[in-house]
There are 2 protein chains.
Amino acid sequence: MQLKAAPLEIEAGGPLVVVMNQQDAAELGVISSDRIFLKHDESHVISILNISTEDVPGELGLYREVTHRLGVSRGDLVSVEPARRPESLDHIREKVNGQRLTPWKIERIVGDTVERHLSDIELAAFITALHVHGVGMEEVEALSRSMVWSGKTIDFGRSPILDKHSIGGVPGDKTTLIVAPIVAAAGYTIPKSSSRAITSPAGTADRMEALAPVDLRFDSIREIVENVGACIVWGGSIDLAPADDLFIRIEYPLSIDPLLLPSIMSKKKAMGSTHVIIDIPVGVDAKIKTIGEAEQLASDFIELGSRFDMHIECAITEGCQPIGYNIGPVLEARESMETLMGEGPHEMVDKSTNLAGILLEMVGNENGKQMAHDLLAKGKALEKMREIIGAQGGNPEVTLDDLAPGGHTYDVPAPSDGRVLWFNNRDLVRIARAAGTPSSKGAGVKLFAKTGDRVEEGKPLFRIYSESATKLENAVRMLETQRPMEVGAKVGEDMLKKRIGKPTAPSREFILER
Amino acid sequence: MQLKAAPLEIEAGGPLVVVMNQQDAAELGVISSDRIFLKHDESHVISILNISTEDVPGELGLYREVTHRLGVSRGDLVSVEPARRPESLDHIREKVNGQRLTPWKIERIVGDTVERHLSDIELAAFITALHVHGVGMEEVEALSRSMVWSGKTIDFGRSPILDKHSIGGVPGDKTTLIVAPIVAAAGYTIPKSSSRAITSPAGTADRMEALAPVDLRFDSIREIVENVGACIVWGGSIDLAPADDLFIRIEYPLSIDPLLLPSIMSKKKAMGSTHVIIDIPVGVDAKIKTIGEAEQLASDFIELGSRFDMHIECAITEGCQPIGYNIGPVLEARESMETLMGEGPHEMVDKSTNLAGILLEMVGNENGKQMAHDLLAKGKALEKMREIIGAQGGNPEVTLDDLAPGGHTYDVPAPSDGRVLWFNNRDLVRIARAAGTPSSKGAGVKLFAKTGDRVEEGKPLFRIYSESATKLENAVRMLETQRPMEVGAKVGEDMLKKRIGKPTAPSREFILER
């Protein structure tokens, strides 16, 4: 059948979709979700069919991705034939029915995902089945390998390659901005590719972006790492493991994350990492809630690493309250620089030197924590950070004054005398996001007290920063329903956390940050 | 945030989707799959966000369904705010995690499905979870009720209302076209709403359409049934249980059908049925493969019926080969009329009078099969069928000559002397569809022999009909790989069914017909 190309001003965001009129589809003997083979001149593509009741017969609506691949213009004739359904669909169905998938089958699924041959419906069934039936270690390994194969890899031509990764979920966790320069200052190579915030107020890439560009090209990353020994860049620009972004698109609305292990592992492998410290923060509002869960995840990481000749250790860390006193890209960049300058809070120093110390011990040093501490105290880490900032195109002479948060502020007073009992991290995140984070770099929250600290009625508990008066208002309005910090007489004495009088859906927010 | 409406010439086919530029989305603090609340004048709608990298900032792309609901034109300002995620998403997640859903939760999910508030990803997770974890009887009941509530119901103002339903999967099954007139000829009311083919060569609605219009409005259906006692119409035009079509869109590409029971039950309930005979054909290529499976399904149907005050009986029937000798809308309409005229094959008469007989006994008659047989033999059923055809707007005086199949034919010869050993129904279906069924009404296949029949080498085994020379060629070309009928010396003597020398995905085609 020949149909006239009708390019649509829209992209599917993943799958290769075309839209056909009901009549033409009946004529061709295909229905919605069937695969059709399109040909125009020398180009061809297999795409997924949507059926429309309103479109003009004789025309074929093409999503932008399909238009690009076929290289057609409006009115060009496209030859259209029914195509076989992809074999990977049978393997997805096997997983749905509870079978373990062989590496070969997993490779087909990941390959077809990256080729955009699977629809949202089919990918959602796959992700759901992985979540429900669980993912065995063989499958995790195969998924990781397939995800590496489907993207680029980077070879720095040296060894060891160190890395640090947090599975995230705690606001204000700027540890990478301290650990990477410490480790590089010790003479090791630590190329950090990091992510932007998805549901949090700031990802490491967002924090670093307050100091230097992070959206760098492949070649310049290699050059920077060669010269400086480290970088802190955005992974999204370098196409490592592209399957991951396509899976995240599906996982996010479902609030499930069965691909956590292969996602992280594939990115580390693509960077050529040989020694990796994984930070697993544990807390009621963090991604991992209990030490037991964290231990399970840690041993999975370690075993998986061994299958990839990668030395992995894990650190289970405190994750009940924000890390440090600042939340939001600029505020966190500033607190990181303060810490590198020797003026950071104890917890920042402790977490960073512990993680850097483990890494240093993993590559053969003794007293890693002390070594890390010295590099920090003697200003070597600060020096290295300035080198990194300069190499990435930022201002190496950046001062704290350069890192000014938004000019619209609101101080939230303590409701009574007492002590900070606990933090509701998710309420805090909501307020920081309402104020404009992560896209508005100067937005955020500064805490004046942490758990256990004594506060006085009417004195500020925390300050909201925003770059826009309207957003500040929005954030302040959220205080009516959100209670980011609880103040009481004595930690552990006031007991009621929540009162529930009618059946409601449990409050639950999903942390997808990787 | 205010954005300019940019209506897209496209419909999502289900969910209410809008497309926003990455920059605007970051500004608003939302990401793909988040819900946003749109307002324009007095209209508002909650829709699902897609994010585009290429669209113009400041514009909001609206799928056709959203444009209609908001009543906007290009350039109108739309106010845009983040919205809460629908509560039903939490319930979907509960099902994904293996919990049984309460009726109240199921109602929310079905309601949000019909309101188009759930994305393909979310619906696919729900359907997959139902398939994997199974659907308990309480859930089946709640799904059925919610699906009835979400659509129209029809009240014929009389009782009993009889019905017959086949769960399908056997080509050529035109039994409804005999059963309905027999039952109506006995003075009972049997309003048949039936479906069009999805993956088969003809559905009951397609067959009937060769005799009379089936795309009737609500009111005329009521009038016809009042006057004639029966109708055979297409269910798709009357919006009974609209959730079903939305679920089928998801089930088809996944080849899973966890909603079989609620789908059928909700449609029967919407028609006000009180006595229903369910036909469950069993055969290697049919939807149900074994008597055991059929028994399980039958008892589920009967229990479910009792929860809806509906008297249900099931008939397990032979489903290894096509029913009758004709496949394709016109050919099947013709064979039905032949059967009503007393010239049909024994199997058509046997199946129809058995099913009609059970229905007649369910409403209190004795010797139902004999009664059905008499109504058929005395021409009462034919007379009633002509009334139905006339009432629906067809020609009541239709003759067999009026029912002429396509003019392009090809006779497939027997490869050797012998007997027909078995049918590969799915190969036969593929050939009939290649010839043009179901959209080309005159296309199809006529069999000259059935299982066990003696055939002579070179004499025609079956004939392919098409309304187009090209399609006939396509169908004939399929004979190279498809073997719809196997001929051998003696039934049960030739043993090899298939040889497998390398690992391949198992051949599997999905029967979704309901």
# chains A, B, ... in the order shown; residues from 1 in each chain; ligands from 1
>>> select_by_dssp(residues="region 397-439 of chain A", states="strand (DSSP E or B)", output="PyMOL selection string")
chain A and resi 408-413+418-423
>>> closest_atom_pairs(of="chain B", to="chain A", cutoff="6 Å", atoms="only C-alpha atoms", output="Markdown table")
| residue | atom | partner | partner_atom | distance |
| --- | --- | --- | --- | --- |
| B:Ala26 | CA | A:Ser439 | CA | 5.7 |
| B:Ser33 | CA | A:Pro253 | CA | 5.9 |
| B:Asp120 | CA | A:Ile121 | CA | 5.6 |
| B:Ile121 | CA | A:Ala124 | CA | 5.2 |
| B:Ala124 | CA | A:Ile121 | CA | 5.2 |
| B:Ala125 | CA | A:Thr128 | CA | 5.7 |
| B:Thr128 | CA | A:Ala125 | CA | 5.7 |
| B:Pro253 | CA | A:Ser33 | CA | 5.9 |
| B:Ser439 | CA | A:Ala26 | CA | 5.7 |
>>> write_last_selection(atoms="N, CA and C atoms", output="PDB file, in the first residue's frame")
ATOM      1  N   ALA B  26      10.514  22.328  33.012  1.00  0.00           N
ATOM      2  CA  ALA B  26      11.460  22.546  34.110  1.00  0.00           C
ATOM      3  C   ALA B  26      10.992  23.726  34.947  1.00  0.00           C
ATOM      4  N   SER B  33       4.965  12.253  32.121  1.00  0.00           N
ATOM      5  CA  SER B  33       4.022  11.397  32.839  1.00  0.00           C
ATOM      6  C   SER B  33       3.382  12.077  34.045  1.00  0.00           C
ATOM      7  N   ASP B 120      -0.918   4.910  28.849  1.00  0.00           N
ATOM      8  CA  ASP B 120      -0.684   3.552  28.367  1.00  0.00           C
ATOM      9  C   ASP B 120       0.247   2.788  29.302  1.00  0.00           C
ATOM     10  N   ILE B 121       1.274   3.482  29.783  1.00  0.00           N
ATOM     11  CA  ILE B 121       2.241   2.841  30.682  1.00  0.00           C
ATOM     12  C   ILE B 121       1.528   2.327  31.926  1.00  0.00           C
ATOM     13  N   ALA B 124      -0.891  -0.513  31.156  1.00  0.00           N
ATOM     14  CA  ALA B 124      -0.154  -1.749  30.858  1.00  0.00           C
ATOM     15  C   ALA B 124       0.337  -2.404  32.144  1.00  0.00           C
ATOM     16  N   ALA B 125       0.777  -1.581  33.100  1.00  0.00           N
ATOM     17  CA  ALA B 125       1.209  -2.146  34.388  1.00  0.00           C
ATOM     18  C   ALA B 125       0.026  -2.819  35.085  1.00  0.00           C
ATOM     19  N   THR B 128      -0.859  -6.083  33.191  1.00  0.00           N
ATOM     20  CA  THR B 128       0.196  -7.076  33.438  1.00  0.00           C
ATOM     21  C   THR B 128       0.075  -7.630  34.851  1.00  0.00           C
ATOM     22  N   PRO B 253      -1.436  -6.001  22.228  1.00  0.00           N
ATOM     23  CA  PRO B 253      -0.001  -6.113  21.969  1.00  0.00           C
ATOM     24  C   PRO B 253       0.720  -7.006  22.975  1.00  0.00           C
ATOM     25  N   SER B 439     -12.238  -6.925   6.381  1.00  0.00           N
ATOM     26  CA  SER B 439     -12.750  -5.657   5.836  1.00  0.00           C
ATOM     27  C   SER B 439     -13.320  -5.852   4.429  1.00  0.00           C
TER      28      SER B 439
END
>>> residues_around(residues="Asp411 (chain A)", least_positions_apart="3", cutoff="6 Å", atoms="only C-alpha atoms", output="list in words")
Pro460, Phe462 and Arg463 of chain A
>>> write_last_selection(atoms="N, CA and C atoms", output="PDB file, in the first residue's frame")
ATOM      1  N   PRO A 460      14.208  32.052  63.457  1.00  0.00           N
ATOM      2  CA  PRO A 460      14.089  31.272  62.212  1.00  0.00           C
ATOM      3  C   PRO A 460      14.611  29.840  62.330  1.00  0.00           C
ATOM      4  N   PHE A 462      14.285  27.760  59.374  1.00  0.00           N
ATOM      5  CA  PHE A 462      14.949  27.638  58.070  1.00  0.00           C
ATOM      6  C   PHE A 462      14.516  28.807  57.190  1.00  0.00           C
ATOM      7  N   ARG A 463      15.300  29.028  56.128  1.00  0.00           N
ATOM      8  CA  ARG A 463      15.026  30.126  55.211  1.00  0.00           C
ATOM      9  C   ARG A 463      14.781  29.562  53.817  1.00  0.00           C
TER      10      ARG A 463
END
>>> select_by_dssp(residues="region 113-349 of chain B", states="alpha helix (DSSP H)", output="count of residues only")
112
>>> atom_distance(atom1="CA of Glu332 (chain A)", atom2="CA of Leu447 (chain A)")
11.8 Å
>>> closest_residue(among="A:His408, A:Lys490, A:Lys287, A:Lys380", to="Ser200 (chain A)", atoms="only C-alpha atoms")
A:Lys287
>>> closest_residue(among="B:Ala210, B:Gly236, B:Glu226, B:Ser273", to="Ser195 (chain B)", atoms="only C-alpha atoms")
B:Gly236
>>> residues_around(residues="Val110 (chain A)", least_positions_apart="3", cutoff="8 Å", atoms="only C-alpha atoms", output="number ranges by chain")
A: 106-107, 113-114, 143, 146-147, 150, 243
>>> write_last_selection(atoms="N, CA and C atoms", output="PDB file, in the first residue's frame")
ATOM      1  N   ILE A 106      17.527 -11.229  26.772  1.00  0.00           N
ATOM      2  CA  ILE A 106      17.603  -9.888  27.361  1.00  0.00           C
ATOM      3  C   ILE A 106      18.263  -8.917  26.386  1.00  0.00           C
ATOM      4  N   GLU A 107      19.267  -9.408  25.699  1.00  0.00           N
ATOM      5  CA  GLU A 107      19.937  -8.544  24.717  1.00  0.00           C
ATOM      6  C   GLU A 107      18.965  -8.102  23.622  1.00  0.00           C
ATOM      7  N   THR A 113      14.590  -2.020  22.572  1.00  0.00           N
ATOM      8  CA  THR A 113      14.231  -0.806  23.322  1.00  0.00           C
ATOM      9  C   THR A 113      15.000   0.390  22.759  1.00  0.00           C
ATOM     10  N   VAL A 114      16.308   0.205  22.599  1.00  0.00           N
ATOM     11  CA  VAL A 114      17.149   1.300  22.122  1.00  0.00           C
ATOM     12  C   VAL A 114      16.826   1.640  20.668  1.00  0.00           C
ATOM     13  N   LEU A 143      21.340  -7.755  31.803  1.00  0.00           N
ATOM     14  CA  LEU A 143      20.783  -6.419  31.564  1.00  0.00           C
ATOM     15  C   LEU A 143      21.901  -5.381  31.565  1.00  0.00           C
ATOM     16  N   SER A 146      23.940  -5.726  28.350  1.00  0.00           N
ATOM     17  CA  SER A 146      23.205  -5.266  27.169  1.00  0.00           C
ATOM     18  C   SER A 146      23.105  -3.748  27.169  1.00  0.00           C
ATOM     19  N   MET A 147      22.936  -3.183  28.360  1.00  0.00           N
ATOM     20  CA  MET A 147      22.800  -1.729  28.437  1.00  0.00           C
ATOM     21  C   MET A 147      24.128  -1.048  28.105  1.00  0.00           C
ATOM     22  N   SER A 150      24.601  -1.270  24.271  1.00  0.00           N
ATOM     23  CA  SER A 150      23.700  -0.440  23.470  1.00  0.00           C
ATOM     24  C   SER A 150      24.131   1.025  23.465  1.00  0.00           C
ATOM     25  N   ALA A 243      19.702   3.006  27.012  1.00  0.00           N
ATOM     26  CA  ALA A 243      18.500   2.249  27.382  1.00  0.00           C
ATOM     27  C   ALA A 243      17.958   2.744  28.715  1.00  0.00           C
TER      28      ALA A 243
END
>>> residues_around(residues="region 262-268 of chain A", least_positions_apart="4", cutoff="9 Å", atoms="only C-alpha atoms", output="VMD selection string")
chain A and resid 140 to 149 153 163 165 167 193 235 240 to 241 243 to 244 258 272 to 274 276 301 304 to 305 308 514
>>> residues_around(residues="Gln2 (chain B)", least_positions_apart="4", cutoff="9 Å", atoms="only C-alpha atoms", output="number ranges by chain")
B: 58-59, 77-81
>>> write_last_selection(atoms="N, CA and C atoms", output="short mmCIF file (atom, residue, chain, number, x, y, z; two decimals), in the first residue's frame")
data_model
loop_
_atom_site.label_atom_id
_atom_site.label_comp_id
_atom_site.auth_asym_id
_atom_site.auth_seq_id
_atom_site.Cartn_x
_atom_site.Cartn_y
_atom_site.Cartn_z
N GLY B 58 6.79 28.12 25.48
CA GLY B 58 5.62 29.01 25.53
C GLY B 58 4.40 28.42 24.87
N GLU B 59 4.60 27.28 24.15
CA GLU B 59 3.44 26.65 23.50
C GLU B 59 3.12 25.33 24.18
N LEU B 77 -4.80 31.35 25.20
CA LEU B 77 -3.98 31.14 26.39
C LEU B 77 -4.63 30.09 27.29
N VAL B 78 -3.81 29.13 27.71
CA VAL B 78 -4.29 28.09 28.62
C VAL B 78 -3.51 28.22 29.92
N SER B 79 -4.22 28.17 31.04
CA SER B 79 -3.50 28.22 32.31
C SER B 79 -3.13 26.79 32.70
N VAL B 80 -1.90 26.64 33.14
CA VAL B 80 -1.31 25.32 33.35
C VAL B 80 -0.74 25.23 34.76
N GLU B 81 -1.15 24.19 35.48
CA GLU B 81 -0.61 23.97 36.83
C GLU B 81 -0.33 22.50 37.05
#
>>> residues_around(residues="Leu461 (chain B)", least_positions_apart="2", cutoff="10 Å", atoms="only C-alpha atoms", output="ChimeraX atom specification")
/B:411-415,420,446-450,455-459,463,485,487
>>> write_last_selection(atoms="C-alpha atoms", output="compact mmCIF listing (two decimals), in the first residue's frame")
# COMPACT_ATOMS: atom_id res chain seq x y z
CA ASP B 411 -8.36 -23.59 -5.88
CA VAL B 412 -5.73 -25.27 -3.74
CA PRO B 413 -5.29 -28.88 -4.82
CA ALA B 414 -4.77 -31.86 -2.53
CA PRO B 415 -1.06 -32.76 -2.54
CA VAL B 420 -7.64 -34.82 5.73
CA LYS B 446 -14.40 -22.39 1.23
CA LEU B 447 -13.43 -25.88 2.34
CA PHE B 448 -14.21 -28.90 0.20
CA ALA B 449 -13.29 -31.43 2.86
CA LYS B 450 -13.09 -31.68 6.64
CA VAL B 455 -9.45 -36.46 -0.97
CA GLU B 456 -7.90 -37.10 -4.36
CA GLU B 457 -4.52 -35.78 -5.48
CA GLY B 458 -4.95 -32.66 -7.62
CA LYS B 459 -8.63 -32.21 -6.77
CA ARG B 463 -10.86 -22.37 -2.55
CA MET B 485 -4.76 -28.63 5.97
CA VAL B 487 -3.41 -34.75 4.08
>>> atom_distance(atom1="CA of Gly203 (chain A)", atom2="CA of Pro322 (chain A)")
13.8 Å
>>> atom_distance(atom1="CA of Ile48 (chain A)", atom2="CA of Asp245 (chain B)")
18.8 Å
>>> closest_residue(among="B:Leu101, B:Leu118, B:Val228, B:Ile109", to="Pro15 (chain B)", atoms="only C-alpha atoms")
B:Leu118
>>> closest_residue(among="A:Glu94, A:Ile464, A:Ile182, A:Glu361", to="Leu375 (chain A)", atoms="only C-alpha atoms")
A:Ile182
